[in-house]
>>> print(open('start-v1.csv').read())   # CSV, C-alpha atoms
chain,number,residue,atom,x,y,z
A,1,MET,CA,66.5,141.6,72.8
A,2,THR,CA,66.9,138.7,75.2
A,3,HIS,CA,65.9,138.8,78.8
A,4,ALA,CA,69.5,138.8,79.9
A,5,ASP,CA,70.2,141.9,77.7
A,6,ARG,CA,67.3,143.6,79.3
A,7,VAL,CA,68.6,142.8,82.8
A,8,LEU,CA,72.1,144.0,82.0
A,9,ASP,CA,70.8,147.2,80.3
A,10,ALA,CA,68.5,147.9,83.2
A,11,LEU,CA,71.4,147.6,85.7
A,12,GLY,CA,73.9,149.3,83.5
A,13,ASP,CA,72.7,152.7,84.6
A,14,ARG,CA,74.1,153.9,87.9
A,15,THR,CA,71.0,155.7,89.1
A,16,ARG,CA,68.8,152.8,88.1
A,17,ARG,CA,71.1,150.5,90.0
A,18,ALA,CA,70.8,152.7,93.0
A,19,VAL,CA,67.0,152.6,92.7
A,20,PHE,CA,67.1,148.8,92.5
A,21,LYS,CA,69.5,148.6,95.5
A,22,SER,CA,67.2,150.8,97.5
A,23,LEU,CA,64.5,148.1,97.3
A,24,ARG,CA,66.7,145.4,98.8
A,25,ALA,CA,65.8,146.4,102.3
A,26,GLY,CA,62.1,146.3,101.7
A,27,ALA,CA,59.1,147.6,99.7
A,28,ARG,CA,59.1,151.4,99.0
A,29,SER,CA,56.9,153.8,97.1
A,30,VAL,CA,58.2,156.1,94.4
A,31,GLY,CA,58.1,159.0,96.8
A,32,GLU,CA,60.2,157.2,99.4
A,33,ILE,CA,62.8,156.2,96.9
A,34,ALA,CA,62.9,159.7,95.4
A,35,ASP,CA,63.3,161.3,98.9
A,36,ARG,CA,66.3,159.2,99.8
A,37,MET,CA,68.1,159.7,96.5
A,38,ASP,CA,67.8,163.3,95.4
A,39,VAL,CA,66.1,162.2,92.2
A,40,SER,CA,62.8,163.5,90.9
A,41,ARG,CA,59.7,161.3,91.2
A,42,PRO,CA,59.1,161.2,87.5
A,43,ALA,CA,62.7,160.0,87.0
A,44,VAL,CA,62.3,157.3,89.6
A,45,SER,CA,59.1,156.2,87.9
A,46,GLN,CA,60.9,155.9,84.6
A,47,HIS,CA,63.7,153.9,86.1
A,48,LEU,CA,61.2,151.6,87.8
A,49,ARG,CA,59.5,151.0,84.5
A,50,VAL,CA,62.7,149.8,83.0
A,51,LEU,CA,63.5,147.6,86.0
A,52,LYS,CA,60.0,146.2,85.8
A,53,MET,CA,60.4,145.3,82.1
A,54,ALA,CA,63.6,143.5,83.0
A,55,ARG,CA,61.5,141.6,85.6
A,56,LEU,CA,63.9,142.9,88.3
A,57,VAL,CA,61.1,144.6,90.3
A,58,THR,CA,57.5,144.2,90.8
A,59,HIS,CA,54.8,146.3,92.6
A,60,ARG,CA,51.7,145.8,94.7
A,61,ALA,CA,49.0,148.1,95.9
A,62,GLU,CA,48.8,148.9,99.6
A,63,GLY,CA,45.8,151.2,100.2
A,64,THR,CA,46.2,154.1,97.8
A,65,ARG,CA,50.0,153.6,97.6
A,66,ARG,CA,51.9,151.5,95.1
A,67,LEU,CA,54.9,149.8,96.7
A,68,TYR,CA,57.8,148.4,94.6
A,69,THR,CA,59.8,145.4,95.7
A,70,VAL,CA,62.6,143.2,94.3
A,71,GLU,CA,61.1,140.5,92.1
A,72,SER,CA,61.6,137.2,93.8
A,73,ARG,CA,61.4,134.8,90.9
A,74,GLY,CA,65.2,134.9,90.7
A,75,ILE,CA,65.3,133.5,94.2
A,76,GLU,CA,62.9,130.8,93.3
A,77,ALA,CA,65.1,129.7,90.4
A,78,LEU,CA,68.1,129.7,92.7
A,79,ARG,CA,66.1,127.6,95.3
A,80,ARG,CA,65.2,125.0,92.7
A,81,TRP,CA,68.7,124.7,91.6
A,82,LEU,CA,70.1,124.5,95.2
A,83,ASP,CA,67.4,122.0,96.1
A,84,GLY,CA,68.7,119.6,93.4
A,85,PHE,CA,72.2,120.3,94.4
A,86,TRP,CA,71.7,119.4,98.1
A,87,ASP,CA,69.5,116.4,97.2
A,88,GLU,CA,72.4,114.9,95.2
A,89,THR,CA,75.0,115.8,97.8
A,90,LEU,CA,73.1,114.4,100.7
A,91,ALA,CA,72.3,111.2,98.8
A,92,ALA,CA,76.0,110.7,98.4
A,93,TYR,CA,76.6,111.5,102.0
A,94,LYS,CA,73.9,109.0,103.2
A,95,VAL,CA,75.6,106.1,101.3
A,96,ALA,CA,79.0,107.0,102.8
A,97,ALA,CA,77.7,107.4,106.4
A,98,GLU,CA,75.9,104.0,106.2
A,99,GLN,CA,78.9,102.3,104.7
A,100,GLU,CA,81.1,103.7,107.5
A,101,ALA,CA,78.5,102.6,110.2
A,102,THR,CA,78.5,99.0,108.7
A,103,LYS,CA,82.3,98.9,108.9
A,104,GLU,CA,82.2,100.0,112.5
A,105,ARG,CA,79.7,97.4,113.5
A,106,LYS,CA,81.9,94.7,112.0
A,107,ARG,CA,84.9,95.8,114.1
B,1,MET,CA,66.5,148.8,108.6
B,2,THR,CA,68.1,146.0,110.6
B,3,THR,CA,64.7,144.5,111.5
B,4,GLU,CA,63.6,144.7,107.9
B,5,LYS,CA,66.7,142.8,106.9
B,6,THR,CA,66.1,140.1,109.5
B,7,ALA,CA,62.5,139.7,108.5
B,8,GLN,CA,63.6,139.3,104.9
B,9,SER,CA,66.2,136.7,105.8
B,10,GLY,CA,63.7,134.8,107.8
B,11,ASP,CA,61.3,134.7,104.9
B,12,PRO,CA,60.8,131.0,104.0
B,13,ALA,CA,61.7,131.8,100.4
B,14,ASN,CA,65.2,132.6,101.6
B,15,ILE,CA,65.8,129.3,103.5
B,16,LEU,CA,66.2,125.9,102.0
B,17,ARG,CA,65.7,122.9,104.3
B,18,LYS,CA,66.7,119.3,103.7
B,19,VAL,CA,66.4,116.2,105.9
B,20,VAL,CA,68.0,112.8,105.4
B,21,SER,CA,67.9,109.9,107.8
B,22,VAL,CA,70.9,107.7,107.9
B,23,GLN,CA,71.5,104.2,109.5
B,24,ALA,CA,74.4,105.3,111.6
B,25,PRO,CA,74.9,106.7,115.1
B,26,PRO,CA,75.3,110.5,115.4
B,27,ALA,CA,79.1,110.2,116.1
B,28,THR,CA,79.6,108.3,112.9
B,29,ALA,CA,77.2,110.6,110.9
B,30,TRP,CA,79.2,113.6,112.2
B,31,ARG,CA,82.6,112.1,111.4
B,32,VAL,CA,81.6,111.2,107.9
B,33,PHE,CA,80.1,114.6,107.2
B,34,THR,CA,83.2,116.5,108.5
B,35,GLU,CA,86.4,114.5,108.6
B,36,LYS,CA,85.5,112.3,105.6
B,37,ILE,CA,83.7,114.9,103.5
B,38,GLY,CA,86.3,114.4,100.8
B,39,THR,CA,85.2,110.7,100.3
B,40,TRP,CA,81.6,111.4,99.3
B,41,TRP,CA,81.2,115.0,98.1
B,42,PRO,CA,80.4,114.8,94.4
B,43,LEU,CA,83.6,116.7,93.4
B,44,ALA,CA,83.2,115.8,89.7
B,45,THR,CA,80.4,118.3,89.4
B,46,HIS,CA,80.3,120.3,92.7
B,47,LYS,CA,83.6,122.2,92.7
B,48,ILE,CA,84.8,125.6,91.9
B,49,GLY,CA,88.5,125.4,91.1
B,50,LYS,CA,90.1,125.2,87.6
B,51,ALA,CA,92.1,122.1,88.5
B,52,PRO,CA,90.3,118.7,88.9
B,53,ALA,CA,89.5,118.6,92.6
B,54,VAL,CA,90.7,115.7,94.7
B,55,ASN,CA,89.6,116.5,98.2
B,56,VAL,CA,87.3,118.7,100.4
B,57,VAL,CA,88.4,119.8,103.8
B,58,ILE,CA,86.6,121.3,106.8
B,59,GLU,CA,89.1,122.4,109.4
B,60,PRO,CA,87.8,121.1,112.7
B,61,HIS,CA,87.4,124.3,114.7
B,62,VAL,CA,85.5,127.6,114.8
B,63,GLY,CA,87.0,129.9,112.2
B,64,GLY,CA,88.5,126.9,110.3
B,65,ARG,CA,88.5,127.0,106.5
B,66,TRP,CA,86.2,124.9,104.3
B,67,TYR,CA,87.9,124.4,101.0
B,68,GLU,CA,88.6,122.1,98.0
B,69,ARG,CA,92.0,120.9,97.0
B,70,GLY,CA,93.0,120.5,93.4
B,71,GLU,CA,95.2,117.7,92.1
B,72,ASP,CA,97.9,120.4,91.4
B,73,GLY,CA,97.9,121.2,95.2
B,74,SER,CA,96.0,124.5,94.8
B,75,THR,CA,93.1,125.2,97.2
B,76,CYS,CA,89.9,127.1,96.7
B,77,ASP,CA,87.9,128.4,99.7
B,78,TRP,CA,84.2,127.6,100.0
B,79,GLY,CA,83.6,129.2,103.4
B,80,ARG,CA,84.4,129.1,107.1
B,81,VAL,CA,83.3,127.2,110.2
B,82,LEU,CA,81.0,129.3,112.3
B,83,SER,CA,80.0,126.7,114.9
B,84,TRP,CA,81.7,123.4,115.7
B,85,GLU,CA,79.7,121.3,118.1
B,86,PRO,CA,80.4,117.6,117.6
B,87,PRO,CA,78.5,115.4,117.2
B,88,SER,CA,75.4,117.5,117.0
B,89,ARG,CA,75.7,120.8,115.2
B,90,LEU,CA,77.8,122.4,112.5
B,91,VAL,CA,77.4,125.8,110.9
B,92,LEU,CA,79.4,126.8,107.9
B,93,THR,CA,79.4,129.8,105.6
B,94,TRP,CA,78.9,129.1,102.0
B,95,GLU,CA,80.6,131.9,100.0
B,96,ILE,CA,80.0,130.5,96.5
B,97,SER,CA,78.2,132.7,94.0
B,98,ALA,CA,75.5,131.5,91.6
B,99,ASP,CA,78.1,131.3,88.8
B,100,TRP,CA,80.2,129.0,91.0
B,101,GLN,CA,83.0,131.3,92.1
B,102,HIS,CA,84.3,132.0,95.6
B,103,ASP,CA,83.1,135.4,96.8
B,104,PRO,CA,84.0,136.3,100.4
B,105,ASN,CA,81.5,139.1,100.3
B,106,LEU,CA,78.6,136.7,99.6
B,107,ARG,CA,78.0,134.9,102.9
B,108,THR,CA,75.1,132.4,103.0
B,109,GLU,CA,75.0,129.9,105.8
B,110,VAL,CA,74.7,126.1,105.9
B,111,GLU,CA,73.7,124.6,109.3
B,112,VAL,CA,73.7,120.9,109.7
B,113,ARG,CA,72.2,119.2,112.8
B,114,PHE,CA,72.6,115.6,113.7
B,115,VAL,CA,69.7,114.3,115.8
B,116,ALA,CA,69.8,110.8,117.3
B,117,GLU,CA,66.8,108.6,116.3
B,118,GLY,CA,67.3,105.5,118.3
B,119,LYS,CA,70.6,103.8,118.8
B,120,ASP,CA,71.8,103.5,115.3
B,121,ARG,CA,69.9,106.1,113.3
B,122,THR,CA,70.5,109.8,112.9
B,123,ARG,CA,68.3,112.4,111.3
B,124,VAL,CA,70.5,114.9,109.5
B,125,GLU,CA,68.8,118.3,109.0
B,126,LEU,CA,70.4,120.7,106.7
B,127,GLU,CA,69.4,124.4,106.4
B,128,HIS,CA,70.9,126.7,103.7
B,129,ARG,CA,69.8,130.2,104.7
B,130,HIS,CA,70.2,133.9,103.7
B,131,LEU,CA,69.5,133.0,100.1
B,132,ASP,CA,68.2,136.6,99.6
B,133,ARG,CA,71.9,137.6,99.7
B,134,TYR,CA,72.1,136.2,96.2
B,135,GLY,CA,69.1,138.1,95.0
B,136,ALA,CA,70.3,141.6,94.7
B,137,ARG,CA,73.8,141.0,93.3
B,138,ARG,CA,74.4,142.2,89.9
B,139,ASP,CA,76.8,139.6,88.6
B,140,GLU,CA,74.5,136.8,89.5
B,141,MET,CA,71.6,138.5,87.9
B,142,ARG,CA,72.6,137.4,84.4
B,143,GLY,CA,72.6,133.8,85.4
B,144,ILE,CA,69.7,133.8,87.7
B,145,PHE,CA,67.3,135.7,85.5
B,146,ASP,CA,68.4,134.3,82.1
B,147,SER,CA,66.6,131.1,82.2
B,148,GLU,CA,67.9,130.0,78.8
B,149,GLY,CA,71.6,130.4,79.2
B,150,GLY,CA,71.9,130.2,83.0
B,151,TRP,CA,70.0,128.1,85.4
B,152,SER,CA,68.4,125.7,82.9
B,153,GLY,CA,71.8,124.9,81.5
B,154,LEU,CA,73.2,124.2,84.9
B,155,LEU,CA,70.1,122.2,85.8
B,156,ALA,CA,70.5,120.1,82.7
B,157,SER,CA,74.1,119.4,83.5
B,158,PHE,CA,73.2,118.5,87.1
B,159,ALA,CA,70.4,116.3,85.9
B,160,GLY,CA,72.8,114.6,83.6
B,161,ALA,CA,75.3,114.0,86.4
B,162,ALA,CA,72.6,112.7,88.7
B,163,GLY,CA,71.3,110.3,86.1
B,164,ALA,CA,74.8,109.0,85.2
>>> encode(input="start-v1.csv", output="structure tokens")
Amino acid sequence: MTHADRVLDALGDRTRRAVFKSLRAGARSVGEIADRMDVSRPAVSQHLRVLKMARLVTHRAEGTRRLYTVESRGIEALRRWLDGFWDETLAAYKVAAEQEATKERKR
Amino acid sequence: MTTEKTAQSGDPANILRKVVSVQAPPATAWRVFTEKIGTWWPLATHKIGKAPAVNVVIEPHVGGRWYERGEDGSTCDWGRVLSWEPPSRLVLTWEISADWQHDPNLRTEVEVRFVAEGKDRTRVELEHRHLDRYGARRDEMRGIFDSEGGWSGLLASFAGAAGA
């Protein structure tokens, strides 16, 4: 099973998708997710386990509570890609702007 | 909820900043970025339409469209103009998903500031923000998280284009 399959499987379930979406606004505990969704805590825990295996969520300890959040590695990959994208685009822009300025100075 | 969202969007992980210094006065730097964007934007690799793209247009007013034009005359929207303050500040929406499709529901923002540095030099500061809006979208997940088939493939093609 590839990682992509795991991600698609994890998000293929409607309740699991709702659990995942509930973390978009910020970190939450199992209890907080369950209270908002009318789903039992054990069921939420099970969904979070699947989401975690797909590396879609991660958790951290805060005191005695365990808080779940959206895994940010996807954002990092996106940033790396956009970083290269804008580097290339701005390099092309710089050449054009300086050529235009040279033309204007000659006028 | 609103404050949480703002805090998340303000997270440095969700903002990308770039700076480039150009040997040109701000008015020229502005004009080349906006009016002449079609002359320098790397359309061979950075476009979304099916037809080969021949031009990029930013309509010069708030609410104006930002789009590419294909050689067959078709247009594909990239976003809209949110702020139009020549020659110093431009804010555009960037409504392009991670799999390079226009999606009006995915609104990230690109702000470009033109700061004079002496008579003939301009510092161009670009900020691409609200990147978290990509993060929780299911269709992008496949590409974002699948490092083998998604991003690394795109990265390789971009690296190839950059080296050409």
>>> residues_around(input="start-v1.csv", residues="region 51-61 of chain B", least_positions_apart="6", cutoff="12 Å", atoms="all atoms listed in the file", output="NGL selection string")
:B and (30-45 or 67-87 or 90-94)
>>> closest_residue(input="start-v1.csv", among="A:Val95, A:Val30, A:Leu67, A:Leu56", to="Ala43 (chain A)", atoms="all atoms listed in the file")
A:Val30
>>> atom_distance(input="start-v1.csv", atom1="CA of Glu127 (chain B)", atom2="CA of Trp86 (chain A)")
10.0 Å
>>> atom_distance(input="start-v1.csv", atom1="CA of Glu117 (chain B)", atom2="CA of Gln23 (chain B)")
9.4 Å
>>> atom_distance(input="start-v1.csv", atom1="CA of Thr64 (chain A)", atom2="CA of Ala18 (chain A)")
25.1 Å
>>> closest_residue(input="start-v1.csv", among="A:Ala25, A:Ala10, A:Ala61, A:Leu48", to="chain B", atoms="only C-alpha atoms")
A:Ala25
>>> residues_around(input="start-v1.csv", residues="Ser22 (chain A)", least_positions_apart="6", cutoff="10 Å", atoms="only C-alpha atoms", output="JSON list (two decimals) with C-alpha atoms, in the frame of the given file")
[["chain", "number", "residue", "atom", "x", "y", "z"],
["A", 16, "ARG", "CA", 68.80, 152.80, 88.10],
["A", 28, "ARG", "CA", 59.10, 151.40, 99.00],
["A", 32, "GLU", "CA", 60.20, 157.20, 99.40],
["A", 33, "ILE", "CA", 62.80, 156.20, 96.90],
["A", 36, "ARG", "CA", 66.30, 159.20, 99.80],
["A", 37, "MET", "CA", 68.10, 159.70, 96.50],
["A", 69, "THR", "CA", 59.80, 145.40, 95.70],
["A", 70, "VAL", "CA", 62.60, 143.20, 94.30]]
>>> closest_residue(input="start-v1.csv", among="A:Arg107, A:His59, A:Lys52, A:Arg79", to="chain B", atoms="only C-alpha atoms")
A:Arg79
>>> residues_near_point(input="start-v1.csv", point="(66.5, 115.6, 109.5)", cutoff="6 Å", atoms="only C-alpha atoms", output="list in words")
Val19, Val20, Arg123, Val124 and Glu125 of chain B
>>> closest_residue(input="start-v1.csv", among="A:Arg66, A:Lys94, A:Arg14, A:Arg60", to="chain B", atoms="all atoms listed in the file")
A:Lys94
>>> axis_aligned_box(input="start-v1.csv", around="region 60-72 of chain B", padding_each_side="5 Å", output="lines of an AutoDock Vina configuration file")
center_x = 91.7
center_y = 123.8
center_z = 103.1
size_x = 22.4
size_y = 22.2
size_z = 33.4
>>> build_atoms(input="start-v1.csv", residues="region 10-41 of chain B", atoms="N, CA and C atoms", output="CSV table (one decimal), keeping the file's coordinate frame")
chain,number,residue,atom,x,y,z
B,10,GLY,N,64.5,135.9,107.2
B,10,GLY,CA,63.7,134.8,107.8
B,10,GLY,C,62.6,134.4,107.0
B,11,ASP,N,62.3,135.0,105.9
B,11,ASP,CA,61.3,134.7,104.9
B,11,ASP,C,61.6,133.2,104.4
B,12,PRO,N,60.6,132.4,104.5
B,12,PRO,CA,60.8,131.0,104.0
B,12,PRO,C,61.4,130.9,102.6
B,13,ALA,N,61.1,131.9,101.8
B,13,ALA,CA,61.7,131.8,100.4
B,13,ALA,C,63.2,131.9,100.4
B,14,ASN,N,63.8,132.4,101.6
B,14,ASN,CA,65.2,132.6,101.6
B,14,ASN,C,65.9,131.5,102.4
B,15,ILE,N,65.2,130.4,102.7
B,15,ILE,CA,65.8,129.3,103.5
B,15,ILE,C,65.4,128.0,102.7
B,16,LEU,N,66.4,127.2,102.6
B,16,LEU,CA,66.2,125.9,102.0
B,16,LEU,C,66.5,124.8,103.1
B,17,ARG,N,65.5,123.9,103.3
B,17,ARG,CA,65.7,122.9,104.3
B,17,ARG,C,65.7,121.5,103.7
B,18,LYS,N,66.6,120.6,104.2
B,18,LYS,CA,66.7,119.3,103.7
B,18,LYS,C,66.8,118.3,104.9
B,19,VAL,N,66.2,117.2,104.8
B,19,VAL,CA,66.4,116.2,105.9
B,19,VAL,C,66.8,114.9,105.3
B,20,VAL,N,67.7,114.2,105.9
B,20,VAL,CA,68.0,112.8,105.4
B,20,VAL,C,68.3,112.0,106.6
B,21,SER,N,67.7,110.8,106.6
B,21,SER,CA,67.9,109.9,107.8
B,21,SER,C,68.9,108.8,107.4
B,22,VAL,N,69.9,108.6,108.2
B,22,VAL,CA,70.9,107.7,107.9
B,22,VAL,C,71.0,106.6,109.0
B,23,GLN,N,71.3,105.4,108.6
B,23,GLN,CA,71.5,104.2,109.5
B,23,GLN,C,72.9,104.3,110.0
B,24,ALA,N,73.1,105.2,111.0
B,24,ALA,CA,74.4,105.3,111.6
B,24,ALA,C,74.2,106.1,112.9
B,25,PRO,N,75.0,105.9,113.9
B,25,PRO,CA,74.9,106.7,115.1
B,25,PRO,C,75.4,108.1,114.9
B,26,PRO,N,75.0,109.1,115.7
B,26,PRO,CA,75.3,110.5,115.4
B,26,PRO,C,76.9,110.7,115.3
B,27,ALA,N,77.6,110.0,116.1
B,27,ALA,CA,79.1,110.2,116.1
B,27,ALA,C,79.7,109.9,114.7
B,28,THR,N,79.1,108.8,114.2
B,28,THR,CA,79.6,108.3,112.9
B,28,THR,C,79.1,109.3,111.8
B,29,ALA,N,77.8,109.7,111.9
B,29,ALA,CA,77.2,110.6,110.9
B,29,ALA,C,78.0,111.9,110.9
B,30,TRP,N,78.4,112.4,112.1
B,30,TRP,CA,79.2,113.6,112.2
B,30,TRP,C,80.6,113.5,111.6
B,31,ARG,N,81.2,112.4,111.9
B,31,ARG,CA,82.6,112.1,111.4
B,31,ARG,C,82.6,112.0,109.9
B,32,VAL,N,81.6,111.3,109.3
B,32,VAL,CA,81.6,111.2,107.9
B,32,VAL,C,81.3,112.5,107.2
B,33,PHE,N,80.5,113.3,107.8
B,33,PHE,CA,80.1,114.6,107.2
B,33,PHE,C,81.3,115.6,107.3
B,34,THR,N,82.1,115.5,108.3
B,34,THR,CA,83.2,116.5,108.5
B,34,THR,C,84.6,116.0,108.0
B,35,GLU,N,85.1,115.0,108.9
B,35,GLU,CA,86.4,114.5,108.6
B,35,GLU,C,86.5,113.8,107.2
B,36,LYS,N,85.5,113.1,106.9
B,36,LYS,CA,85.5,112.3,105.6
B,36,LYS,C,84.7,112.9,104.5
B,37,ILE,N,84.5,114.2,104.5
B,37,ILE,CA,83.7,114.9,103.5
B,37,ILE,C,84.3,114.7,102.1
B,38,GLY,N,85.6,114.6,102.0
B,38,GLY,CA,86.3,114.4,100.8
B,38,GLY,C,86.0,113.0,100.1
B,39,THR,N,85.5,112.1,100.9
B,39,THR,CA,85.2,110.7,100.3
B,39,THR,C,83.9,110.6,99.6
B,40,TRP,N,83.0,111.5,99.9
B,40,TRP,CA,81.6,111.4,99.3
B,40,TRP,C,81.1,112.6,98.6
B,41,TRP,N,81.7,113.8,98.8
B,41,TRP,CA,81.2,115.0,98.1
B,41,TRP,C,81.4,114.8,96.6
